[in-house]
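Novice: This is upload.cif, which holds mmCIF, C-alpha atoms:
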data_final
loop_
_atom_site.group_PDB
_atom_site.id
_atom_site.type_symbol
_atom_site.label_atom_id
_atom_site.label_comp_id
_atom_site.auth_asym_id
_atom_site.auth_seq_id
_atom_site.Cartn_x
_atom_site.Cartn_y
_atom_site.Cartn_z
ATOM 1 C CA MET A 1 -37.073 5.266 2.539
ATOM 2 C CA ARG A 2 -38.177 4.713 6.112
ATOM 3 C CA GLN A 3 -38.946 1.080 5.313
ATOM 4 C CA ARG A 4 -35.462 0.638 3.822
ATOM 5 C CA HIS A 5 -33.862 2.133 6.970
ATOM 6 C CA ARG A 6 -35.946 -0.166 9.177
ATOM 7 C CA LEU A 7 -34.904 -3.168 7.081
ATOM 8 C CA ASN A 8 -31.223 -2.177 7.270
ATOM 9 C CA LEU A 9 -31.413 -1.767 11.047
ATOM 10 C CA LEU A 10 -33.225 -5.084 11.463
ATOM 11 C CA LEU A 11 -30.638 -6.847 9.308
ATOM 12 C CA TRP A 12 -27.743 -5.297 11.258
ATOM 13 C CA THR A 13 -29.279 -6.448 14.558
ATOM 14 C CA ALA A 14 -29.885 -9.949 13.176
ATOM 15 C CA LEU A 15 -26.298 -10.150 11.888
ATOM 16 C CA LEU A 16 -24.919 -9.193 15.302
ATOM 17 C CA VAL A 17 -27.169 -11.794 16.972
ATOM 18 C CA VAL A 18 -25.949 -14.541 14.608
ATOM 19 C CA ALA A 19 -22.331 -13.401 15.169
ATOM 20 C CA GLY A 20 -22.953 -13.562 18.926
ATOM 21 C CA LEU A 21 -24.364 -17.090 18.601
ATOM 22 C CA GLU A 22 -21.337 -18.074 16.531
ATOM 23 C CA PHE A 23 -18.991 -16.743 19.211
ATOM 24 C CA ALA A 24 -20.977 -18.418 22.014
ATOM 25 C CA GLY A 25 -20.982 -21.691 20.065
ATOM 26 C CA SER A 26 -17.190 -21.586 19.844
ATOM 27 C CA ARG A 27 -17.072 -21.643 23.675
ATOM 28 C CA LEU A 28 -18.906 -24.982 23.793
ATOM 29 C CA SER A 29 -16.908 -28.184 23.989
ATOM 30 C CA ILE A 30 -17.380 -29.440 20.426
ATOM 31 C CA PRO A 31 -15.268 -32.431 19.260
ATOM 32 C CA VAL A 32 -12.268 -31.334 17.191
ATOM 33 C CA ASP A 33 -13.492 -33.191 14.099
ATOM 34 C CA ALA A 34 -16.876 -31.444 14.262
ATOM 35 C CA ARG A 35 -15.688 -27.897 14.974
ATOM 36 C CA SER A 36 -16.057 -26.995 11.287
ATOM 37 C CA VAL A 37 -19.787 -26.563 12.044
ATOM 38 C CA LEU A 38 -18.756 -23.200 13.533
ATOM 39 C CA THR A 39 -18.560 -21.938 9.948
ATOM 40 C CA LEU A 40 -22.317 -22.460 9.445
ATOM 41 C CA PRO A 41 -23.316 -19.097 11.040
ATOM 42 C CA ALA A 42 -20.956 -17.460 8.520
ATOM 43 C CA VAL A 43 -22.923 -19.078 5.687
ATOM 44 C CA VAL A 44 -26.173 -17.760 7.217
ATOM 45 C CA MET A 45 -24.688 -14.250 7.555
ATOM 46 C CA THR A 46 -23.464 -14.373 3.939
ATOM 47 C CA VAL A 47 -26.972 -15.189 2.678
ATOM 48 C CA MET A 48 -28.439 -12.413 4.867
ATOM 49 C CA ILE A 49 -26.024 -9.810 3.476
ATOM 50 C CA ALA A 50 -26.469 -10.983 -0.127
ATOM 51 C CA LEU A 51 -30.260 -10.729 0.123
ATOM 52 C CA GLY A 52 -30.328 -7.613 2.326
ATOM 53 C CA TYR A 53 -27.500 -5.125 1.820
ATOM 54 C CA MET A 54 -26.589 -6.435 -1.666
ATOM 55 C CA ARG A 55 -30.254 -6.559 -2.728
ATOM 56 C CA LEU A 56 -29.846 -9.808 -4.653
ATOM 57 C CA ARG A 57 -33.598 -10.466 -4.650
ATOM 58 C CA THR A 58 -34.245 -7.342 -6.713
ATOM 59 C CA ALA A 59 -31.033 -7.545 -8.785
ATOM 60 C CA PRO A 60 -31.212 -8.044 -12.581
ATOM 61 C CA HIS A 61 -31.785 -11.672 -13.646
ATOM 62 C CA ILE A 62 -28.313 -11.970 -15.131
ATOM 63 C CA ALA A 63 -26.740 -10.677 -11.905
ATOM 64 C CA ARG A 64 -28.601 -13.362 -9.939
ATOM 65 C CA GLY A 65 -27.304 -15.864 -12.496
ATOM 66 C CA PHE A 66 -23.709 -14.713 -11.858
ATOM 67 C CA ALA A 67 -24.222 -14.999 -8.089
ATOM 68 C CA ILE A 68 -25.630 -18.533 -8.388
ATOM 69 C CA ALA A 69 -22.839 -19.501 -10.817
ATOM 70 C CA GLY A 70 -20.218 -18.204 -8.352
ATOM 71 C CA MET A 71 -21.662 -20.331 -5.548
ATOM 72 C CA PHE A 72 -22.048 -23.340 -7.862
ATOM 73 C CA TRP A 73 -18.399 -23.276 -8.950
ATOM 74 C CA LEU A 74 -17.281 -22.708 -5.350
ATOM 75 C CA ILE A 75 -19.139 -25.876 -4.327
ATOM 76 C CA VAL A 76 -17.591 -27.738 -7.288
ATOM 77 C CA LEU A 77 -14.116 -26.446 -6.340
ATOM 78 C CA LEU A 78 -14.381 -27.355 -2.650
ATOM 79 C CA GLY A 79 -16.368 -30.553 -3.181
ATOM 80 C CA LEU A 80 -14.217 -32.130 -5.876
ATOM 81 C CA ALA A 81 -10.955 -31.106 -4.219
ATOM 82 C CA MET A 82 -11.964 -32.548 -0.838
ATOM 83 C CA ILE A 83 -13.204 -35.883 -2.227
ATOM 84 C CA ASP A 84 -9.645 -37.218 -2.255
ATOM 85 C CA PRO A 85 -8.618 -36.402 1.351
ATOM 86 C CA LEU A 86 -12.046 -37.344 2.737
ATOM 87 C CA THR A 87 -12.171 -40.737 1.009
ATOM 88 C CA ARG A 88 -8.515 -41.766 1.051
ATOM 89 C CA VAL A 89 -7.588 -44.628 3.356
ATOM 90 C CA VAL A 90 -4.131 -44.222 4.830
ATOM 91 C CA PHE A 91 -2.439 -47.536 5.576
ATOM 92 C CA ALA A 92 0.452 -47.793 8.003
ATOM 93 C CA VAL A 93 3.783 -48.615 6.401
ATOM 94 C CA THR A 94 4.897 -52.142 7.311
ATOM 95 C CA LYS A 95 8.489 -53.285 7.523
ATOM 96 C CA MET B 1 -28.927 18.187 -37.798
ATOM 97 C CA HIS B 2 -30.943 20.616 -35.812
ATOM 98 C CA PHE B 3 -33.359 17.794 -34.910
ATOM 99 C CA GLN B 4 -30.438 15.584 -33.753
ATOM 100 C CA ASN B 5 -29.055 18.276 -31.473
ATOM 101 C CA THR B 6 -32.477 18.841 -29.985
ATOM 102 C CA ALA B 7 -32.917 15.092 -29.416
ATOM 103 C CA LEU B 8 -29.498 14.850 -27.777
ATOM 104 C CA SER B 9 -30.097 17.745 -25.439
ATOM 105 C CA MET B 10 -33.496 16.327 -24.481
ATOM 106 C CA SER B 11 -31.903 12.929 -23.834
ATOM 107 C CA GLU B 12 -29.202 14.489 -21.673
ATOM 108 C CA GLU B 13 -31.817 16.443 -19.813
ATOM 109 C CA ILE B 14 -33.835 13.312 -19.077
ATOM 110 C CA ALA B 15 -30.941 10.968 -18.258
ATOM 111 C CA PRO B 16 -27.695 12.970 -18.119
ATOM 112 C CA HIS B 17 -25.606 9.985 -16.916
ATOM 113 C CA THR B 18 -26.677 7.539 -19.630
ATOM 114 C CA HIS B 19 -23.995 6.683 -22.174
ATOM 115 C CA PHE B 20 -24.859 6.368 -25.870
ATOM 116 C CA GLN B 21 -24.524 2.563 -26.064
ATOM 117 C CA TYR B 22 -27.412 1.964 -23.626
ATOM 118 C CA SER B 23 -31.068 2.142 -24.575
ATOM 119 C CA ASP B 24 -31.964 3.948 -21.354
ATOM 120 C CA ALA B 25 -30.760 4.666 -17.805
ATOM 121 C CA ASP B 26 -32.263 1.440 -16.480
ATOM 122 C CA HIS B 27 -30.372 -0.602 -19.087
ATOM 123 C CA GLN B 28 -27.113 1.117 -18.064
ATOM 124 C CA ALA B 29 -27.781 0.538 -14.347
ATOM 125 C CA GLN B 30 -28.577 -3.151 -14.883
ATOM 126 C CA THR B 31 -25.404 -3.596 -16.958
ATOM 127 C CA ALA B 32 -23.254 -1.939 -14.265
ATOM 128 C CA LEU B 33 -24.775 -4.035 -11.467
ATOM 129 C CA SER B 34 -24.475 -7.255 -13.477
ATOM 130 C CA GLY B 35 -20.841 -6.440 -14.303
ATOM 131 C CA MET B 36 -20.034 -6.026 -10.620
ATOM 132 C CA TRP B 37 -21.797 -9.309 -9.769
ATOM 133 C CA LEU B 38 -19.729 -11.063 -12.470
ATOM 134 C CA PHE B 39 -16.550 -9.618 -10.952
ATOM 135 C CA LEU B 40 -17.667 -10.739 -7.472
ATOM 136 C CA ALA B 41 -18.330 -14.270 -8.807
ATOM 137 C CA SER B 42 -14.691 -14.382 -9.959
ATOM 138 C CA GLU B 43 -13.644 -13.103 -6.508
ATOM 139 C CA VAL B 44 -15.634 -15.939 -4.883
ATOM 140 C CA LEU B 45 -13.446 -18.424 -6.765
ATOM 141 C CA PHE B 46 -10.311 -16.436 -5.888
ATOM 142 C CA PHE B 47 -11.057 -16.609 -2.158
ATOM 143 C CA GLY B 48 -12.456 -20.134 -2.643
ATOM 144 C CA GLY B 49 -8.887 -21.281 -3.341
ATOM 145 C CA LEU B 50 -7.879 -19.930 0.066
ATOM 146 C CA ILE B 51 -10.757 -21.718 1.805
ATOM 147 C CA LEU B 52 -9.763 -24.916 0.012
ATOM 148 C CA THR B 53 -6.197 -24.473 1.315
ATOM 149 C CA TRP B 54 -7.567 -24.157 4.848
ATOM 150 C CA MET B 55 -9.760 -27.267 4.505
ATOM 151 C CA PHE B 56 -6.991 -29.358 2.937
ATOM 152 C CA CYS B 57 -4.202 -28.342 5.348
ATOM 153 C CA ARG B 58 -6.400 -28.678 8.444
ATOM 154 C CA HIS B 59 -7.539 -32.125 7.318
ATOM 155 C CA TRP B 60 -3.971 -33.486 7.136
ATOM 156 C CA GLN B 61 -2.425 -31.494 9.999
ATOM 157 C CA LEU B 62 -5.332 -31.170 12.418
ATOM 158 C CA ALA B 63 -3.434 -30.926 15.716
ATOM 159 C CA GLY B 64 -0.728 -28.601 14.421
ATOM 160 C CA PHE B 65 -3.150 -26.416 12.488
ATOM 161 C CA ASP B 66 -5.337 -25.931 15.568
ATOM 162 C CA ALA B 67 -2.252 -25.326 17.742
ATOM 163 C CA GLY B 68 -1.393 -22.454 15.405
ATOM 164 C CA ALA B 69 -4.977 -21.100 15.436
ATOM 165 C CA ARG B 70 -4.977 -20.927 19.245
ATOM 166 C CA GLU B 71 -2.214 -18.284 19.054
ATOM 167 C CA THR B 72 -4.411 -15.770 17.171
ATOM 168 C CA VAL B 73 -5.652 -12.596 18.903
ATOM 169 C CA LEU B 74 -9.364 -13.356 19.315
ATOM 170 C CA TRP B 75 -10.510 -9.953 20.590
ATOM 171 C CA ILE B 76 -9.118 -8.127 17.558
ATOM 172 C CA GLY B 77 -10.725 -10.559 15.108
ATOM 173 C CA THR B 78 -14.085 -10.280 16.892
ATOM 174 C CA THR B 79 -13.938 -6.472 17.109
ATOM 175 C CA ASN B 80 -13.105 -6.324 13.404
ATOM 176 C CA LEU B 81 -16.121 -8.521 12.601
ATOM 177 C CA VAL B 82 -18.439 -6.100 14.428
ATOM 178 C CA LEU B 83 -16.758 -3.112 12.716
ATOM 179 C CA LEU B 84 -17.240 -4.518 9.218
ATOM 180 C CA VAL B 85 -20.837 -5.670 9.756
ATOM 181 C CA THR B 86 -21.601 -2.178 11.087
ATOM 182 C CA SER B 87 -19.844 -0.519 8.139
ATOM 183 C CA SER B 88 -22.029 -2.447 5.658
ATOM 184 C CA PHE B 89 -25.102 -1.279 7.573
ATOM 185 C CA VAL B 90 -23.941 2.351 7.530
ATOM 186 C CA TYR B 91 -23.103 2.286 3.804
ATOM 187 C CA SER B 92 -26.433 0.652 2.975
ATOM 188 C CA THR B 93 -28.160 3.400 4.967
ATOM 189 C CA GLY B 94 -26.209 5.943 2.903
ATOM 190 C CA LEU B 95 -27.479 4.313 -0.297
ATOM 191 C CA ALA B 96 -31.064 4.662 0.950
ATOM 192 C CA PHE B 97 -30.393 8.362 1.667
ATOM 193 C CA ALA B 98 -28.930 8.796 -1.830
ATOM 194 C CA GLU B 99 -32.048 7.280 -3.386
ATOM 195 C CA ALA B 100 -34.069 9.840 -1.402
ATOM 196 C CA ARG B 101 -31.737 12.560 -2.812
ATOM 197 C CA ASN B 102 -30.299 13.405 0.596
ATOM 198 C CA THR B 103 -26.667 13.998 -0.431
ATOM 199 C CA ARG B 104 -25.571 15.405 2.944
ATOM 200 C CA ARG B 105 -26.552 12.198 4.777
ATOM 201 C CA LEU B 106 -24.961 10.098 2.021
ATOM 202 C CA ILE B 107 -21.623 11.881 2.508
ATOM 203 C CA GLN B 108 -21.873 11.433 6.283
ATOM 204 C CA CYS B 109 -22.543 7.711 5.866
ATOM 205 C CA CYS B 110 -19.562 7.391 3.499
ATOM 206 C CA LEU B 111 -17.283 9.119 6.012
ATOM 207 C CA VAL B 112 -18.455 6.850 8.852
ATOM 208 C CA THR B 113 -17.962 3.791 6.596
ATOM 209 C CA MET B 114 -14.424 4.964 5.763
ATOM 210 C CA ALA B 115 -13.689 5.547 9.461
ATOM 211 C CA LEU B 116 -14.884 2.041 10.365
ATOM 212 C CA GLY B 117 -12.855 0.543 7.506
ATOM 213 C CA THR B 118 -9.756 2.479 8.536
ATOM 214 C CA LEU B 119 -10.204 1.382 12.159
ATOM 215 C CA PHE B 120 -10.423 -2.217 10.925
ATOM 216 C CA LEU B 121 -7.134 -1.798 9.053
ATOM 217 C CA LEU B 122 -5.389 -0.136 12.007
ATOM 218 C CA LEU B 123 -6.470 -3.003 14.279
ATOM 219 C CA LYS B 124 -5.285 -5.502 11.671
ATOM 220 C CA PHE B 125 -1.863 -3.805 11.446
ATOM 221 C CA TYR B 126 -1.673 -3.809 15.267
ATOM 222 C CA GLU B 127 -2.564 -7.526 15.278
ATOM 223 C CA TRP B 128 0.170 -8.300 12.723
ATOM 224 C CA ARG B 129 2.645 -6.411 14.958
ATOM 225 C CA ILE B 130 1.609 -8.580 17.928
ATOM 226 C CA ASP B 131 1.891 -11.733 15.780
ATOM 227 C CA LEU B 132 5.375 -10.819 14.554
ATOM 228 C CA SER B 133 6.564 -9.855 18.034
ATOM 229 C CA GLU B 134 5.486 -13.304 19.256
ATOM 230 C CA ASP B 135 7.509 -15.126 16.549
ATOM 231 C CA LEU B 136 4.444 -16.326 14.676
ATOM 232 C CA PHE B 137 5.758 -15.579 11.184
ATOM 233 C CA PRO B 138 6.164 -19.056 9.622
ATOM 234 C CA SER B 139 9.917 -18.855 8.955
ATOM 235 C CA GLY B 140 13.057 -18.748 11.091
ATOM 236 C CA ASN B 141 12.400 -18.834 14.830
ATOM 237 C CA PHE B 142 8.819 -19.953 15.319
ATOM 238 C CA LYS B 143 6.848 -19.939 18.551
ATOM 239 C CA VAL B 144 5.251 -23.389 18.179
ATOM 240 C CA THR B 145 7.771 -26.233 18.436
ATOM 241 C CA GLY B 146 7.613 -30.017 18.565
ATOM 242 C CA PRO B 147 5.388 -32.299 16.473
ATOM 243 C CA ASP B 148 2.764 -29.547 15.936
ATOM 244 C CA ALA B 149 5.237 -27.048 14.466
ATOM 245 C CA GLY B 150 4.692 -28.080 10.810
ATOM 246 C CA GLY B 151 0.905 -27.747 10.981
ATOM 247 C CA ALA B 152 1.152 -24.491 12.929
ATOM 248 C CA ARG B 153 3.476 -23.038 10.291
ATOM 249 C CA MET B 154 0.922 -24.038 7.639
ATOM 250 C CA PHE B 155 -1.812 -22.234 9.575
ATOM 251 C CA TRP B 156 0.237 -19.052 9.914
ATOM 252 C CA SER B 157 1.134 -19.114 6.208
ATOM 253 C CA PHE B 158 -2.590 -19.300 5.465
ATOM 254 C CA TYR B 159 -3.272 -16.574 8.049
ATOM 255 C CA PHE B 160 -0.823 -14.030 6.648
ATOM 256 C CA VAL B 161 -1.761 -14.640 2.985
ATOM 257 C CA SER B 162 -5.533 -14.505 3.590
ATOM 258 C CA THR B 163 -5.503 -11.484 5.930
ATOM 259 C CA ALA B 164 -3.100 -9.586 3.636
ATOM 260 C CA LEU B 165 -5.319 -10.224 0.589
ATOM 261 C CA HIS B 166 -8.372 -9.157 2.563
ATOM 262 C CA ALA B 167 -6.600 -6.017 3.817
ATOM 263 C CA LEU B 168 -5.685 -5.157 0.206
ATOM 264 C CA HIS B 169 -9.375 -5.423 -0.734
ATOM 265 C CA MET B 170 -10.239 -3.253 2.277
ATOM 266 C CA ILE B 171 -7.803 -0.521 1.206
ATOM 267 C CA ILE B 172 -9.340 -0.511 -2.295
ATOM 268 C CA GLY B 173 -12.824 -0.444 -0.708
ATOM 269 C CA VAL B 174 -12.017 2.534 1.531
ATOM 270 C CA GLY B 175 -10.703 4.344 -1.557
ATOM 271 C CA LEU B 176 -13.888 3.586 -3.524
ATOM 272 C CA VAL B 177 -16.145 4.779 -0.688
ATOM 273 C CA GLY B 178 -14.011 7.952 -0.499
ATOM 274 C CA TRP B 179 -14.518 8.421 -4.258
ATOM 275 C CA VAL B 180 -18.308 8.138 -3.763
ATOM 276 C CA ALA B 181 -18.110 10.797 -1.012
ATOM 277 C CA VAL B 182 -16.091 13.149 -3.262
ATOM 278 C CA GLU B 183 -18.482 12.662 -6.199
ATOM 279 C CA ALA B 184 -21.456 13.234 -3.894
ATOM 280 C CA ARG B 185 -19.833 16.454 -2.646
ATOM 281 C CA ARG B 186 -19.491 17.573 -6.292
ATOM 282 C CA GLY B 187 -23.217 17.006 -6.738
ATOM 283 C CA ALA B 188 -22.994 13.962 -9.039
ATOM 284 C CA PHE B 189 -25.800 12.158 -7.205
ATOM 285 C CA ALA B 190 -28.015 15.141 -6.439
ATOM 286 C CA ASP B 191 -30.607 14.054 -9.034
ATOM 287 C CA GLY B 192 -31.129 10.632 -7.451
ATOM 288 C CA TRP B 193 -28.715 8.786 -9.765
ATOM 289 C CA SER B 194 -27.322 6.077 -7.479
ATOM 290 C CA THR B 195 -25.860 3.315 -9.688
ATOM 291 C CA PRO B 196 -22.165 3.960 -8.780
ATOM 292 C CA ILE B 197 -23.096 4.084 -5.070
ATOM 293 C CA GLU B 198 -24.863 0.723 -5.383
ATOM 294 C CA VAL B 199 -21.969 -0.840 -7.339
ATOM 295 C CA VAL B 200 -19.416 0.282 -4.713
ATOM 296 C CA GLY B 201 -21.806 -0.994 -2.021
ATOM 297 C CA LEU B 202 -21.773 -4.464 -3.629
ATOM 298 C CA TYR B 203 -17.976 -4.492 -3.447
ATOM 299 C CA TRP B 204 -17.940 -3.256 0.151
ATOM 300 C CA SER B 205 -20.482 -5.863 1.292
ATOM 301 C CA PHE B 206 -18.482 -8.581 -0.476
ATOM 302 C CA VAL B 207 -15.323 -7.569 1.424
ATOM 303 C CA ASP B 208 -17.458 -7.736 4.579
ATOM 304 C CA ILE B 209 -18.596 -11.284 3.622
ATOM 305 C CA VAL B 210 -14.990 -12.384 3.084
ATOM 306 C CA TRP B 211 -14.158 -11.365 6.665
ATOM 307 C CA ILE B 212 -17.340 -13.049 7.947
ATOM 308 C CA VAL B 213 -16.052 -16.304 6.400
ATOM 309 C CA LEU B 214 -12.415 -15.809 7.463
ATOM 310 C CA TYR B 215 -13.347 -15.011 11.090
ATOM 311 C CA PRO B 216 -14.510 -18.501 12.188
ATOM 312 C CA ILE B 217 -11.859 -20.395 10.225
ATOM 313 C CA ILE B 218 -9.025 -18.258 11.616
ATOM 314 C CA TYR B 219 -10.198 -17.532 15.159
ATOM 315 C CA LEU B 220 -12.911 -19.990 16.247
ATOM 316 C CA VAL B 221 -12.641 -23.469 14.707
ATOM 317 C CA GLY B 222 -9.130 -24.164 16.012
ATOM 318 C CA ARG B 223 -9.926 -23.081 19.591
ATOM 319 C CA GLY B 224 -11.123 -26.437 20.872
#
Take the structure I supplied and represent it as structure tokens, if you would.
Specialist:
Amino acid sequence: MRQRHRLNLLLWTALLVVAGLEFAGSRLSIPVDARSVLTLPAVVMTVMIALGYMRLRTAPHIARGFAIAGMFWLIVLLGLAMIDPLTRVVFAVTK
Amino acid sequence: MHFQNTALSMSEEIAPHTHFQYSDADHQAQTALSGMWLFLASEVLFFGGLILTWMFCRHWQLAGFDAGARETVLWIGTTNLVLLVTSSFVYSTGLAFAEARNTRRLIQCCLVTMALGTLFLLLKFYEWRIDLSEDLFPSGNFKVTGPDAGGARMFWSFYFVSTALHALHMIIGVGLVGWVAVEARRGAFADGWSTPIEVVGLYWSFVDIVWIVLYPIIYLVGRG
């Protein structure tokens, strides 16, 4: 139990550090087009919580399958939907 | 018949929470955990639609979308992030206590988790009040005017829908944690049975993750 408490405390501290880095990063002058990189710490924190507090590493195999499937379909959803706006060339209307 | 009754009572004595359709307590626990993970996978796609909305709208209305994001109350969003991360830590600690059969500490952890969740909701309601008082609701008189108004309205539509859906999940989560506390008080987890606590913990951590993702896209990315 003591090991579990130590792990929880360590994870909480690490999450706050990553959140702090995320906040500090938002204060930097990042070009508007590249400011989406500020979401990367959130991805790191998500993985930390899934593996730590949600115990995904020790979860049943099928549960891990559901978690991977959820992330897979999220990537498909976001990736396919954004292909159009990211690849479309907008031409100016001529008279 | 007599043999059956004896077998049943022995089974109940060994694993009193195991329902008849499961081969043993471990099978039941794995099924419950897997069921919750399946539900969370569907929730990922539910909130994924919201994230897609943010990506799509910001791509086409970059200046207006960011103009809207700059009007958000940063200190409340940041405080709420710390509150939720801490609440996941406290609940997870409570789960560890439950596994060690320390019901008193489990109840305390549940109450602290509920308090942190309630504080989050109160701050969120206060933030909405500020937003509405500053004409940031995307209809009628709107604070942002000029060429950025359309994009800003899009941002605030996204903001109110996403934060309201998250708040709804939070209210359900606080209720579930309260249910765990009540069941613990009744002695349901005194024998070390912790599957319901773990299942509720999965839900609570997921709601935490949703806010972790919403925080940068609402409060940070647009503040160039």
Novice: Which residues would end up in the selection if the PyMOL selection byres ((chain A) within 9 of (chain B)) were applied here, given that I need the answer as JSON, numbers by chain?
Specialist: {"A": [1, 2, 4, 5, 8, 9, 11, 12, 15, 16, 19, 22, 23, 26, 27, 28, 29, 30, 31, 32, 33, 35, 36, 37, 38, 39, 41, 42, 43, 45, 46, 49, 50, 53, 54, 55, 59, 60, 61, 62, 63, 64, 65, 66, 67, 68, 69, 70, 71, 73, 74, 75, 77, 78, 81, 82, 85, 86]}
Novice: Enter the distance from CA of Val177 (chain B) to CA of Thr195 (chain B), in Å, rounded to one decimal.
Specialist: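 Between CA of Val177 (chain B) and CA of Thr195 (chain B) the gap works out to 13.3 Å.
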Novice: Go through the shown structure with the PyMOL selection byres ((chain B and resi 149-165) around 10) and write out the matching residues as a PyMOL selection string.
Specialist: chain B and resi 47+50-51+53-54+57-58+60-72+124-125+128+131+136-139+142-148+166-170+210-211+214+217-219+222
Novice: On this structure, the PyMOL selection byres ((chain B and resi 191) around 10) would catch which residues? List them as a PyMOL selection string, sorted by chain and number.
Specialist: chain B and resi 15-16+98-103+187-190+192-194
Novice: Store the residues picked out above in a file with C-alpha atoms, as a PDB file, in the frame of the given file.
Specialist:
ATOM      1  CA  ALA B  15     -30.941  10.968 -18.258  1.00  0.00           C
ATOM      2  CA  PRO B  16     -27.695  12.970 -18.119  1.00  0.00           C
ATOM      3  CA  ALA B  98     -28.930   8.796  -1.830  1.00  0.00           C
ATOM      4  CA  GLU B  99     -32.048   7.280  -3.386  1.00  0.00           C
ATOM      5  CA  ALA B 100     -34.069   9.840  -1.402  1.00  0.00           C
ATOM      6  CA  ARG B 101     -31.737  12.560  -2.812  1.00  0.00           C
ATOM      7  CA  ASN B 102     -30.299  13.405   0.596  1.00  0.00           C
ATOM      8  CA  THR B 103     -26.667  13.998  -0.431  1.00  0.00           C
ATOM      9  CA  GLY B 187     -23.217  17.006  -6.738  1.00  0.00           C
ATOM     10  CA  ALA B 188     -22.994  13.962  -9.039  1.00  0.00           C
ATOM     11  CA  PHE B 189     -25.800  12.158  -7.205  1.00  0.00           C
ATOM     12  CA  ALA B 190     -28.015  15.141  -6.439  1.00  0.00           C
ATOM     13  CA  GLY B 192     -31.129  10.632  -7.451  1.00  0.00           C
ATOM     14  CA  TRP B 193     -28.715   8.786  -9.765  1.00  0.00           C
ATOM     15  CA  SER B 194     -27.322   6.077  -7.479  1.00  0.00           C
TER      16      SER B 194
END
Novice: From the set A:Lys95, A:Arg88, A:Gly52, A:Gly79, which residue has the shortest atom-to-atom contact distance to Arg6 (chain A), counting all atoms listed in the file?
Specialist: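 Of A:Lys95, A:Arg88, A:Gly52, A:Gly79, the one nearest Arg6 (chain A) is A:Gly52, counting all atoms listed in the file.
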Novice: Determine the nearest neighbour of Val180 (chain B) from the options B:Leu122, B:Val207, B:Cys110, B:Leu132, counting all atoms listed in the file.
Specialist: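 The shortest atom-to-atom distance to Val180 (chain B) comes from B:Cys110.
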Novice: What gap, in Å, lies between CA of Arg129 (chain B) and CA of Leu83 (chain B)?
Specialist: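 Pair CA of Arg129 (chain B) / CA of Leu83 (chain B) returns 19.8 Å.
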Novice: Between CA of Thr18 (chain B) and CA of Arg57 (chain A), what is the spacing in Å?
Specialist: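 CA of Arg57 (chain A) sits 24.4 Å away from CA of Thr18 (chain B).
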